[in-house]
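Engineer: Please find one structure pasted underneath; my questions will follow.
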Amino acid sequence: MTPSAQELWGLLAQAGDMPYGAARIALTEQVIRHADTAGDPELRFVSRIHATQSYVYGGEPAKAFVTFSWCLAEFDAEPAPYHGNWTHTLLWYFKTMVSQMTGFPEVPLDRAQAVLDDMERRYRDSGHSLQAVYKYRYVLARHVGDAAATAEWYERWQTAPRDELSDCEGCDPTGKARYLAEQKRDEEVVALAEPVLAGRLTCTEQPQNMLAALMVPYVRTGRLDAAVDAHRRAYGLVRGSLADLGDIGDHIEFCARTGNEHRGLEILQRHIDWLDRAPSPASAMSFASASALLLHRATALGHGGTAIRRAERDDTTVAALADELAAQARAIAARFDARNGTTRQSRRVEDLLAAEPFDVVLPLSPAARAAAPVPPVPQRPAVPAPEVPAEASAEQLLALAEEAEDADLDGGPILESFDARFPDPAALGPALAAKREELRGGQHWGARDGESAVGAWSRAAELYAEAGDDGQAVALASRAGVARLLLGDESGAAAVEREVAYREEHGGTPREVASAWSRLAMRHMTTGAPDAAATAQERADAALADVDDPRMHARYAVRRAQIAAGGHRHEEAAEAIGRALIFYREHGPDDQLAGALLLAGQLSIEPESALALFDEVLSLGDPDTVINGRLGRANALMRLERPAEAVPELIEVVALLTERDMPPAAAAVRRDLAEAYQAAGRLTESAEVAEEALSELRRLGDDGRADDAQLLLANTYRQLGEDKIALVHYEALIERMTELANHAGRGQIREYAAETLYRSDRDEEAAERFGEAADDFHEAGDLLAELRVLRRRVAALHFADEPEEAVDTVTLARERDAELPAEADGHPQVIWERHMLGWEAGRVLMSRGRYADAIPYVAGAAAPLREIGALQEADNLAGMYAEALFRSGDPAAAEPVLREVLDERPSDADPAASQLPAALLAEVLDALDRKEEAAELRTRYGITGRD
């Protein structure tokens with residue numbers, strides 16, 4: 001059915017409230033299609049006026065040429081009263097058209113000149129200053145590279161008087177700032193810009209354009225902190241706008257020239273897919289040339305092979321994309337120069353591609369590495385290297401190397417001596433060759449080369465079998481099997497089980513039996529069976545009970561702690577790791593001690609104790625545990641509510657993970673960093689890091705963590721007062737929860753969205769969202785949460801002036817309350833929700849003069865609230881109940897209720913806090929014709945009026 005003109009006006013108003021982008025454009029175009037047949041000429045005109053602005057700021061400016069030309073032609077051909085209302089807007093849009101024409105090489109240069117001439121004629125005819133005309137003649141001259149004309153029009157622009165058609169007080173100085181910056185008159189730029197930024201800029205393009213214009217002048221004048229702030233603030237304002245793709249290129253260039261190649265790559269990866277739908281060839285050229293500069297810098301730094309992912313194209317590399325984008329930028333510049341008859345745009349591209357870094361390194365990202373504190377590394381006695389007897393036999397050398405491995409010492413020198421003297425172990429027979437491969441596997445495993453370790457142990461198993469040593473063959477195959485399991489290959493399980501079966505049938509030394517059962521414990525741990533793992537490890541401990549080998553007992557204590565922790569038996573885990581620590585602190589080595597300390601810190605209930613343990617980890621200087629040590633330290637600091645100290649720890653973890661090419665882990669820790677920034681009250685940094693984490697986690701396909709990051713981001717924007725942005729993220733998450741059929745999650749997010757709408761005085765929408773959240777919680781079986789959001793819906797309906805729907809919601813909430821299990825009746829939260837629902841109902845009814853109707857909702861609510869310690873709420877409800885009784889004609893019943901409120905107040909309470917119930921009691925006493933008592937009460941509580 002075709003919508004009516006009235007409905008179309010409503011849709012146009014709705015589009016005007018939407019953020020710029022594809023959705024706003026689509027709705028405006030829908031209005032235009034129907035407006036042409038709705039018989040409302042004004043609607044046809046106004047919808048195209050709105051579309052012109054939506055196209056420009058929504059990233060499709062080419063379409064604006066059509067709608068603007070249509071409006072201008074109708075304005076000239078058939079003047080109507082409504083045209084007069086839009087004269088200023090039409091004259092204003094001339095500036096936008098000229099600016100956009102410079103962005104499309106397909107638009108003839110004489111066409112842009114003609115539009116400028118028409119603009120000047122209309123400005124003169126309407127009595128306006130030509131200041132804006134001169135500015136856009138300057139813009140066109142600068143674009144084509146006519147230096148003399150640029151200087152002339154710049155001077156005339158600066159000296160002409162401003163009027164209501166001049167660009168805003170942020171945009172005009174920004175254009176001047178860019179001109180001055182090109183001439184490196186940086187101090188003038190700063191002096192010009194700072195008073196502008198000190199004011200309130202509400203233009204669509206400000207303050208982000210001014211801040212971007214300041215970035216380079218700030219660097220060149222040594223104002224480095226200001227440069228960082230300008231980049232962060234400006235990029236945060238344009239990062240979601242396709243229309244600003246060219247400006248995003250400025251930020252990529254800034255990263256490339258300030259030692260922030262990694263951040264630049266993150267920004268490029270976030271926006272590279274936008275290049276295929278760039279708003280204009282000019283913006284594509286700016287983005288491509290800046291990106292090529294960055295990518296060439298990254299290639300020179302050794303990152304040319306890093307992958308860049310694109311949505312609808314094959315993935316590429318940094319080096320390949322650098323050449324591709326440089327070629328694209330050059331090709332677009334050539335098209336402009338062919339149109340303009342100059343080489344201005346090609347020179348700009350070449351100058352940018354050849355730009356050198358500034359002589360500074362700035363930490364632009366809130367996730368950039370800072371100087372995190374490092375505990376001092378203690379001076380420990382050096383562990384003597386094992387001696388290598390000069391005349392030792394092959395058997396003796398391998399035995400010494402095995403002893404070193406068992407003692408957690410470096411047997412490398414021994415094996416180097418063996419390899420030098422016996423380069424062909426196979427010539428020594430399969431038994432010795434097997435032992436050499438077994439030890440080689442240990443070396444690979446110690447070097448974190450799991451695949452090579454599996455290969456060596458598997459070859460050792462084959463050689464032991466060839467030598468007729470079946471026990472060692474099954475043991476090495478089992479060792480390789482455990483390694484496979486730890487690497488995620490479940491095929492290793494069978495070999496582990498075969499070793500246990502072999503020992504059950506054939507026996508072995510206590511160490512061999514214990515090793516078989518302990519490997520089975522590890523097999524169960526990798527498959528999430530902690531109880532089975534505990535049983536297997538108990539068998540290992542029993543086999544080793546009479547063996548005097550403290551080091552092996554310490555290893556097994558660590559394993560018992562890991563198994564117990566996996567089964568949530570924390571006391572048992574803490575006891576086991578405590579015994580391991582006693583040994584490793586005395587005997588080392590440091591890497592084993594560091595691993596035990598990490599586990600102890602993770603198990604520690606007391607955050608102060610955990611912090612001390614992680615400090616000890618870091619003091620050892622072990623490179624393999626530094627990441628988890630810092631991460632553990634950060635978590636302990638967060639538990640201690642010291643988030644500002646956690647921030648540098650998490651920044652260092654992000655840097656270390658990035659250096660080790662672990663992007664999924666780095667993205668996950670970025671999310672934790674955003675939370676730490678939020679907890680520390682640094683909300684701007686929190687939002688920026690959460691945006692980075694969200695983008696990376698979505699790119700990596702880790703949607704669970706991405707959802708978590710997006711929720712954190714939405715809540716941060718809400719704290720920043722950026723309610724519109726917060727709501728966009730909440731809506732995206734609601735869609736995600738719908739896809740996942742996660743009713744509880746969707747209810748929580750809908751409640752957050754409703755809170756945001758309620759705070760923004762969008763009460764009808766808030767009520768709708770609270771209602772949807774209630775349905776979700778009901779579906780999820782969370783009746784208490786449902787009761788909570790129904791109560792909040794009543795509040796929203798009260799302010800939306802929907803009293804009957806509010807009362808219906810109270811009725812529904814009471815029905816849901818009745819469905820709660822009997823044991824919930826005494827729960828403090830249930831009591832609070834139940835009776836505060838009565839308060840909301842009373843507020844709805846009493847504010848509309850329906851005092852008698854309110855009485856059933858508020859009667860008897862005060863006492864249960866007092867019992868759970870909600871004294872203020874109890875007093876409020878008692879006062880509401882008394883007022884309902886009084887206003888409905890029963891002052892005698894109201895008096896004892898109010899006296900109880902006053903009697904419940906502590907003797908040392910501020911008298912002013914009792915004025916409201918005392919004032920109401922005085923009114924009651926007046927109504928009961930007890931004037932003297934009323935007067936005495938007013939005097940006692942300092943009540944000066946009767947209201």
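Residues in the structure tokens are named by chain (A, B, ... in the order shown) and by number from 1 within that chain; ligands are numbered from 1 in the order shown.
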When you look at region 619-632 of chain A with a cut-off of 9 Å (counting only C-alpha atoms), what residues show up, excluding the ones that are within fewer than 4 positions of it in the same chain? I need them as JSON, numbers by chain.

Structural biologist: {"A": [374, 375, 376, 377, 378, 590, 591, 593, 594, 595, 597, 598, 601, 602, 610, 611, 613, 614, 615, 636, 637, 646, 649, 650, 652, 653, 654, 656, 657, 669]}

Engineer: Could you give me, as a list in words, the residues within 9 Å of Gln562 (chain A), counting only C-alpha atoms and dropping anything in the same chain fewer than 2 positions from it?

Structural biologist: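 The neighbour list is Met525, Ala557, Val558, Arg559, Arg560, Ala564, Ala565, Gly566, Gly567, Ala573, Ile577 and Leu599 of chain A.
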
Engineer: Include all heavy atoms and write out the residues we just selected as a PDB file, in the first residue's frame.

Structural biologist:
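Final output, again.pdb:
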ATOM      1  N   MET A 525      43.286 -34.913  30.952  1.00  0.00           N
ATOM      2  CA  MET A 525      43.185 -33.460  31.107  1.00  0.00           C
ATOM      3  C   MET A 525      42.942 -32.778  29.753  1.00  0.00           C
ATOM      4  O   MET A 525      42.176 -31.820  29.655  1.00  0.00           O
ATOM      5  CB  MET A 525      44.456 -32.903  31.744  1.00  0.00           C
ATOM      6  CG  MET A 525      44.514 -33.094  33.253  1.00  0.00           C
ATOM      7  SD  MET A 525      43.168 -32.231  34.112  1.00  0.00           S
ATOM      8  CE  MET A 525      43.633 -30.530  33.815  1.00  0.00           C
ATOM      9  N   ALA A 557      53.856 -33.025  41.720  1.00  0.00           N
ATOM     10  CA  ALA A 557      53.054 -32.106  42.548  1.00  0.00           C
ATOM     11  C   ALA A 557      52.465 -30.995  41.677  1.00  0.00           C
ATOM     12  O   ALA A 557      51.300 -30.601  41.840  1.00  0.00           O
ATOM     13  CB  ALA A 557      53.909 -31.510  43.663  1.00  0.00           C
ATOM     14  N   VAL A 558      53.271 -30.495  40.727  1.00  0.00           N
ATOM     15  CA  VAL A 558      52.751 -29.482  39.796  1.00  0.00           C
ATOM     16  C   VAL A 558      51.603 -30.061  38.978  1.00  0.00           C
ATOM     17  O   VAL A 558      50.563 -29.426  38.794  1.00  0.00           O
ATOM     18  CB  VAL A 558      53.874 -28.966  38.873  1.00  0.00           C
ATOM     19  CG1 VAL A 558      53.300 -28.060  37.782  1.00  0.00           C
ATOM     20  CG2 VAL A 558      54.933 -28.224  39.669  1.00  0.00           C
ATOM     21  N   ARG A 559      51.808 -31.293  38.531  1.00  0.00           N
ATOM     22  CA  ARG A 559      50.754 -31.918  37.711  1.00  0.00           C
ATOM     23  C   ARG A 559      49.488 -32.140  38.540  1.00  0.00           C
ATOM     24  O   ARG A 559      48.372 -31.947  38.058  1.00  0.00           O
ATOM     25  CB  ARG A 559      51.261 -33.237  37.133  1.00  0.00           C
ATOM     26  CG  ARG A 559      50.342 -33.828  36.085  1.00  0.00           C
ATOM     27  CD  ARG A 559      51.095 -34.804  35.210  1.00  0.00           C
ATOM     28  NE  ARG A 559      52.174 -34.127  34.488  1.00  0.00           N
ATOM     29  CZ  ARG A 559      53.153 -34.766  33.837  1.00  0.00           C
ATOM     30  NH1 ARG A 559      53.190 -36.093  33.834  1.00  0.00           N
ATOM     31  NH2 ARG A 559      54.082 -34.097  33.209  1.00  0.00           N
ATOM     32  N   ARG A 560      49.658 -32.572  39.802  1.00  0.00           N
ATOM     33  CA  ARG A 560      48.477 -32.752  40.664  1.00  0.00           C
ATOM     34  C   ARG A 560      47.751 -31.421  40.844  1.00  0.00           C
ATOM     35  O   ARG A 560      46.523 -31.362  40.869  1.00  0.00           O
ATOM     36  CB  ARG A 560      48.902 -33.310  42.020  1.00  0.00           C
ATOM     37  CG  ARG A 560      49.090 -34.803  42.040  1.00  0.00           C
ATOM     38  CD  ARG A 560      49.091 -35.360  43.460  1.00  0.00           C
ATOM     39  NE  ARG A 560      50.101 -34.731  44.313  1.00  0.00           N
ATOM     40  CZ  ARG A 560      51.391 -35.058  44.321  1.00  0.00           C
ATOM     41  NH1 ARG A 560      51.834 -36.007  43.515  1.00  0.00           N
ATOM     42  NH2 ARG A 560      52.242 -34.456  45.124  1.00  0.00           N
ATOM     43  N   ALA A 564      43.928 -30.825  39.861  1.00  0.00           N
ATOM     44  CA  ALA A 564      42.965 -30.400  40.890  1.00  0.00           C
ATOM     45  C   ALA A 564      42.324 -29.060  40.518  1.00  0.00           C
ATOM     46  O   ALA A 564      41.122 -28.849  40.724  1.00  0.00           O
ATOM     47  CB  ALA A 564      43.649 -30.295  42.248  1.00  0.00           C
ATOM     48  N   ALA A 565      43.134 -28.141  39.955  1.00  0.00           N
ATOM     49  CA  ALA A 565      42.578 -26.850  39.538  1.00  0.00           C
ATOM     50  C   ALA A 565      41.547 -27.056  38.435  1.00  0.00           C
ATOM     51  O   ALA A 565      40.485 -26.409  38.424  1.00  0.00           O
ATOM     52  CB  ALA A 565      43.694 -25.923  39.064  1.00  0.00           C
ATOM     53  N   GLY A 566      41.842 -27.975  37.483  1.00  0.00           N
ATOM     54  CA  GLY A 566      40.884 -28.257  36.421  1.00  0.00           C
ATOM     55  C   GLY A 566      39.585 -28.845  36.939  1.00  0.00           C
ATOM     56  O   GLY A 566      38.535 -28.678  36.313  1.00  0.00           O
ATOM     57  N   GLY A 567      39.645 -29.524  38.075  1.00  0.00           N
ATOM     58  CA  GLY A 567      38.434 -30.077  38.690  1.00  0.00           C
ATOM     59  C   GLY A 567      37.837 -29.180  39.754  1.00  0.00           C
ATOM     60  O   GLY A 567      36.973 -29.612  40.514  1.00  0.00           O
ATOM     61  N   ALA A 573      44.689 -28.182  45.090  1.00  0.00           N
ATOM     62  CA  ALA A 573      45.651 -27.645  44.132  1.00  0.00           C
ATOM     63  C   ALA A 573      46.668 -26.745  44.824  1.00  0.00           C
ATOM     64  O   ALA A 573      47.877 -26.814  44.548  1.00  0.00           O
ATOM     65  CB  ALA A 573      44.907 -26.872  43.042  1.00  0.00           C
ATOM     66  N   ILE A 577      50.769 -27.334  44.841  1.00  0.00           N
ATOM     67  CA  ILE A 577      51.707 -26.383  44.246  1.00  0.00           C
ATOM     68  C   ILE A 577      52.609 -25.781  45.323  1.00  0.00           C
ATOM     69  O   ILE A 577      53.772 -25.438  45.055  1.00  0.00           O
ATOM     70  CB  ILE A 577      50.971 -25.283  43.457  1.00  0.00           C
ATOM     71  CG1 ILE A 577      51.934 -24.624  42.451  1.00  0.00           C
ATOM     72  CG2 ILE A 577      50.371 -24.231  44.353  1.00  0.00           C
ATOM     73  CD1 ILE A 577      52.455 -25.536  41.394  1.00  0.00           C
ATOM     74  N   LEU A 599      51.312 -20.906  38.309  1.00  0.00           N
ATOM     75  CA  LEU A 599      50.146 -21.676  38.726  1.00  0.00           C
ATOM     76  C   LEU A 599      49.722 -21.298  40.142  1.00  0.00           C
ATOM     77  O   LEU A 599      48.525 -21.146  40.429  1.00  0.00           O
ATOM     78  CB  LEU A 599      50.465 -23.172  38.638  1.00  0.00           C
ATOM     79  CG  LEU A 599      49.303 -24.119  38.973  1.00  0.00           C
ATOM     80  CD1 LEU A 599      48.080 -23.819  38.115  1.00  0.00           C
ATOM     81  CD2 LEU A 599      49.747 -25.570  38.792  1.00  0.00           C
TER      82      LEU A 599
END

Engineer: As a list in words, which residues of region 299-483 of chain A does DSSP assign to strand (DSSP E or B)?

Structural biologist: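 Taking region 299-483 of chain A and keeping strand (DSSP E or B) gives Ala307, Ile308, Thr316 and Thr317 of chain A.
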
Engineer: Could you turn the residues from that selection into a file that holds N, CA and C atoms, as a compact mmCIF listing (two decimals), in the first residue's frame?

Structural biologist:
# COMPACT_ATOMS: atom_id res chain seq x y z
N ALA A 307 49.85 -10.74 6.39
CA ALA A 307 48.62 -10.86 5.61
C ALA A 307 47.69 -9.66 5.82
N ILE A 308 47.07 -9.21 4.75
CA ILE A 308 45.99 -8.22 4.79
C ILE A 308 44.75 -8.90 4.24
N THR A 316 45.83 -10.69 0.70
CA THR A 316 47.08 -10.29 0.06
C THR A 316 48.12 -10.04 1.14
N THR A 317 49.28 -9.54 0.76
CA THR A 317 50.33 -9.24 1.73
C THR A 317 50.58 -7.74 1.75

Engineer: Tell me which protein, DNA and RNA residues are within 8 Å of Val482 (chain A), counting only C-alpha atoms, leaving out same-chain ones fewer than 3 positions away, and put them as a list in words.

Structural biologist: Ser478, Arg479, Leu485, Leu486, Gly492, Ala493, Val496, Arg519, Met522 and Arg523 of chain A

Engineer: For the selection just defined, write its residues with all heavy atoms to a file, as a PDB file, in the first residue's frame.

Structural biologist:
ATOM      1  N   SER A 478      54.120 -43.334  23.577  1.00  0.00           N
ATOM      2  CA  SER A 478      53.182 -42.646  24.475  1.00  0.00           C
ATOM      3  C   SER A 478      53.601 -41.196  24.684  1.00  0.00           C
ATOM      4  O   SER A 478      52.756 -40.287  24.711  1.00  0.00           O
ATOM      5  CB  SER A 478      53.126 -43.383  25.819  1.00  0.00           C
ATOM      6  OG  SER A 478      52.266 -42.720  26.720  1.00  0.00           O
ATOM      7  N   ARG A 479      54.910 -40.985  24.820  1.00  0.00           N
ATOM      8  CA  ARG A 479      55.401 -39.609  24.994  1.00  0.00           C
ATOM      9  C   ARG A 479      55.053 -38.762  23.768  1.00  0.00           C
ATOM     10  O   ARG A 479      54.609 -37.613  23.889  1.00  0.00           O
ATOM     11  CB  ARG A 479      56.910 -39.649  25.220  1.00  0.00           C
ATOM     12  CG  ARG A 479      57.490 -38.382  25.826  1.00  0.00           C
ATOM     13  CD  ARG A 479      58.938 -38.599  26.231  1.00  0.00           C
ATOM     14  NE  ARG A 479      59.528 -37.397  26.784  1.00  0.00           N
ATOM     15  CZ  ARG A 479      60.798 -37.283  27.151  1.00  0.00           C
ATOM     16  NH1 ARG A 479      61.604 -38.339  27.048  1.00  0.00           N
ATOM     17  NH2 ARG A 479      61.264 -36.154  27.637  1.00  0.00           N
ATOM     18  N   LEU A 485      48.551 -34.783  21.667  1.00  0.00           N
ATOM     19  CA  LEU A 485      47.337 -34.313  22.350  1.00  0.00           C
ATOM     20  C   LEU A 485      47.468 -32.845  22.758  1.00  0.00           C
ATOM     21  O   LEU A 485      46.535 -32.054  22.598  1.00  0.00           O
ATOM     22  CB  LEU A 485      47.063 -35.175  23.580  1.00  0.00           C
ATOM     23  CG  LEU A 485      46.554 -36.595  23.299  1.00  0.00           C
ATOM     24  CD1 LEU A 485      46.647 -37.447  24.563  1.00  0.00           C
ATOM     25  CD2 LEU A 485      45.118 -36.545  22.801  1.00  0.00           C
ATOM     26  N   LEU A 486      48.634 -32.480  23.258  1.00  0.00           N
ATOM     27  CA  LEU A 486      48.843 -31.099  23.679  1.00  0.00           C
ATOM     28  C   LEU A 486      48.865 -30.148  22.493  1.00  0.00           C
ATOM     29  O   LEU A 486      48.575 -28.957  22.636  1.00  0.00           O
ATOM     30  CB  LEU A 486      50.148 -30.982  24.466  1.00  0.00           C
ATOM     31  CG  LEU A 486      50.146 -31.688  25.831  1.00  0.00           C
ATOM     32  CD1 LEU A 486      51.536 -31.682  26.444  1.00  0.00           C
ATOM     33  CD2 LEU A 486      49.145 -31.029  26.785  1.00  0.00           C
ATOM     34  N   GLY A 492      46.753 -39.011  19.372  1.00  0.00           N
ATOM     35  CA  GLY A 492      47.778 -39.451  20.312  1.00  0.00           C
ATOM     36  C   GLY A 492      47.247 -40.261  21.475  1.00  0.00           C
ATOM     37  O   GLY A 492      48.025 -40.907  22.206  1.00  0.00           O
ATOM     38  N   ALA A 493      45.914 -40.288  21.680  1.00  0.00           N
ATOM     39  CA  ALA A 493      45.348 -40.941  22.865  1.00  0.00           C
ATOM     40  C   ALA A 493      45.629 -42.440  22.887  1.00  0.00           C
ATOM     41  O   ALA A 493      45.922 -43.026  23.941  1.00  0.00           O
ATOM     42  CB  ALA A 493      43.847 -40.673  22.924  1.00  0.00           C
ATOM     43  N   VAL A 496      48.952 -43.544  24.362  1.00  0.00           N
ATOM     44  CA  VAL A 496      49.021 -43.382  25.812  1.00  0.00           C
ATOM     45  C   VAL A 496      48.332 -44.548  26.499  1.00  0.00           C
ATOM     46  O   VAL A 496      48.852 -45.116  27.489  1.00  0.00           O
ATOM     47  CB  VAL A 496      48.386 -42.041  26.228  1.00  0.00           C
ATOM     48  CG1 VAL A 496      48.414 -41.881  27.740  1.00  0.00           C
ATOM     49  CG2 VAL A 496      49.106 -40.876  25.548  1.00  0.00           C
ATOM     50  N   ARG A 519      51.161 -39.954  32.275  1.00  0.00           N
ATOM     51  CA  ARG A 519      50.817 -39.547  30.911  1.00  0.00           C
ATOM     52  C   ARG A 519      49.328 -39.784  30.637  1.00  0.00           C
ATOM     53  O   ARG A 519      48.685 -39.016  29.921  1.00  0.00           O
ATOM     54  CB  ARG A 519      51.700 -40.286  29.908  1.00  0.00           C
ATOM     55  CG  ARG A 519      53.087 -39.654  29.791  1.00  0.00           C
ATOM     56  CD  ARG A 519      53.827 -40.155  28.561  1.00  0.00           C
ATOM     57  NE  ARG A 519      54.567 -41.373  28.828  1.00  0.00           N
ATOM     58  CZ  ARG A 519      55.851 -41.416  29.213  1.00  0.00           C
ATOM     59  NH1 ARG A 519      56.512 -40.291  29.414  1.00  0.00           N
ATOM     60  NH2 ARG A 519      56.453 -42.567  29.411  1.00  0.00           N
ATOM     61  N   MET A 522      47.519 -36.851  31.903  1.00  0.00           N
ATOM     62  CA  MET A 522      47.577 -35.730  30.974  1.00  0.00           C
ATOM     63  C   MET A 522      46.619 -35.952  29.800  1.00  0.00           C
ATOM     64  O   MET A 522      45.978 -35.005  29.320  1.00  0.00           O
ATOM     65  CB  MET A 522      49.002 -35.546  30.460  1.00  0.00           C
ATOM     66  CG  MET A 522      49.988 -35.116  31.535  1.00  0.00           C
ATOM     67  SD  MET A 522      51.679 -34.988  30.903  1.00  0.00           S
ATOM     68  CE  MET A 522      51.525 -33.550  29.844  1.00  0.00           C
ATOM     69  N   ARG A 523      46.519 -37.197  29.353  1.00  0.00           N
ATOM     70  CA  ARG A 523      45.579 -37.496  28.266  1.00  0.00           C
ATOM     71  C   ARG A 523      44.156 -37.131  28.665  1.00  0.00           C
ATOM     72  O   ARG A 523      43.409 -36.539  27.888  1.00  0.00           O
ATOM     73  CB  ARG A 523      45.683 -38.982  27.911  1.00  0.00           C
ATOM     74  CG  ARG A 523      44.670 -39.447  26.861  1.00  0.00           C
ATOM     75  CD  ARG A 523      43.566 -40.296  27.538  1.00  0.00           C
ATOM     76  NE  ARG A 523      42.708 -40.956  26.578  1.00  0.00           N
ATOM     77  CZ  ARG A 523      41.677 -40.405  25.978  1.00  0.00           C
ATOM     78  NH1 ARG A 523      41.383 -39.133  26.213  1.00  0.00           N
ATOM     79  NH2 ARG A 523      40.921 -41.084  25.143  1.00  0.00           N
TER      80      ARG A 523
END

Engineer: For the atom pair CA of Phe418 (chain A) and CA of Val474 (chain A), what is the interatomic distance in Å to one decimal place?

Structural biologist: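 Computed distance, CA of Phe418 (chain A) to CA of Val474 (chain A), equals 25.5 Å.
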
Engineer: Env of Phe358 (chain A): 12 Å cut, atoms = only C-alpha atoms, seq-sep filter 2 positions within chain, self excluded. Answer as a PyMOL selection string.

Structural biologist: chain A and resi 215-222+224+253-260+355-356+360-362

Engineer: Between A:Arg48, A:Arg899, A:Lys95, A:Arg834, which has the minimum distance to Tyr134 (chain A) (counting only C-alpha atoms)?

Structural biologist: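 Closest residue, counting only C-alpha atoms: A:Lys95.
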
Engineer: Enumerate the residues of region 774-874 of chain A with a DSSP assignment of helix (DSSP H, G or I), computed from the backbone, and present them as a ChimeraX atom specification.

Structural biologist: /A:774-780,783-799,803-818,822-826,828-846,851-858,862-867,871-874

Engineer: Just to confirm, what's the straight-line distance from CA of Glu387 (chain A) to CA of Glu405 (chain A) in Å (one decimal)?

Structural biologist: 13.8 Å

Engineer: Find the residues around region 810-825 of chain A up to 8 Å (only C-alpha atoms counted), leave out those fewer than 5 positions away in its own chain, and share them as an NGL selection string.

Structural biologist: :A and (783-784 or 786-787 or 790-791 or 794 or 830-831 or 834 or 837 or 841)

Engineer: Please dump the current selection as a short mmCIF file (atom, residue, chain, number, x, y, z; two decimals), in the first residue's frame; keep C-alpha atoms.

Structural biologist:
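Below is the file that was written, selection12.cif:
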data_model
loop_
_atom_site.label_atom_id
_atom_site.label_comp_id
_atom_site.auth_asym_id
_atom_site.auth_seq_id
_atom_site.Cartn_x
_atom_site.Cartn_y
_atom_site.Cartn_z
CA LEU A 783 11.83 -14.62 36.71
CA LEU A 784 13.62 -12.24 39.07
CA GLU A 786 11.84 -10.31 34.45
CA LEU A 787 10.32 -8.76 37.56
CA LEU A 790 8.86 -4.98 34.30
CA ARG A 791 9.25 -2.60 37.26
CA VAL A 794 6.41 0.93 34.66
CA VAL A 830 12.86 -10.39 45.60
CA ILE A 831 11.50 -8.38 48.55
CA ARG A 834 8.27 -6.71 44.83
CA LEU A 837 7.08 -2.26 42.08
CA ALA A 841 2.59 1.87 40.72
#

Engineer: Would you list the contacts of Gln829 (chain A) as a list in words, taking every protein, DNA or RNA residue within 12 Å and counting only C-alpha atoms, but skipping same-chain residues closer than 6 positions in sequence?

Structural biologist: Leu783, Leu784, Ala785, Leu787, Arg788, His835, Met836, Pro864, Leu865, Ile868, Gly869 and Ala870 of chain A

Engineer: Which residue gives the smallest distance to Ala536 (chain A) among A:Glu571, A:Glu462, A:Glu608, A:Glu497, with only C-alpha atoms counted?

Structural biologist: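 Closest residue, counting only C-alpha atoms: A:Glu497.
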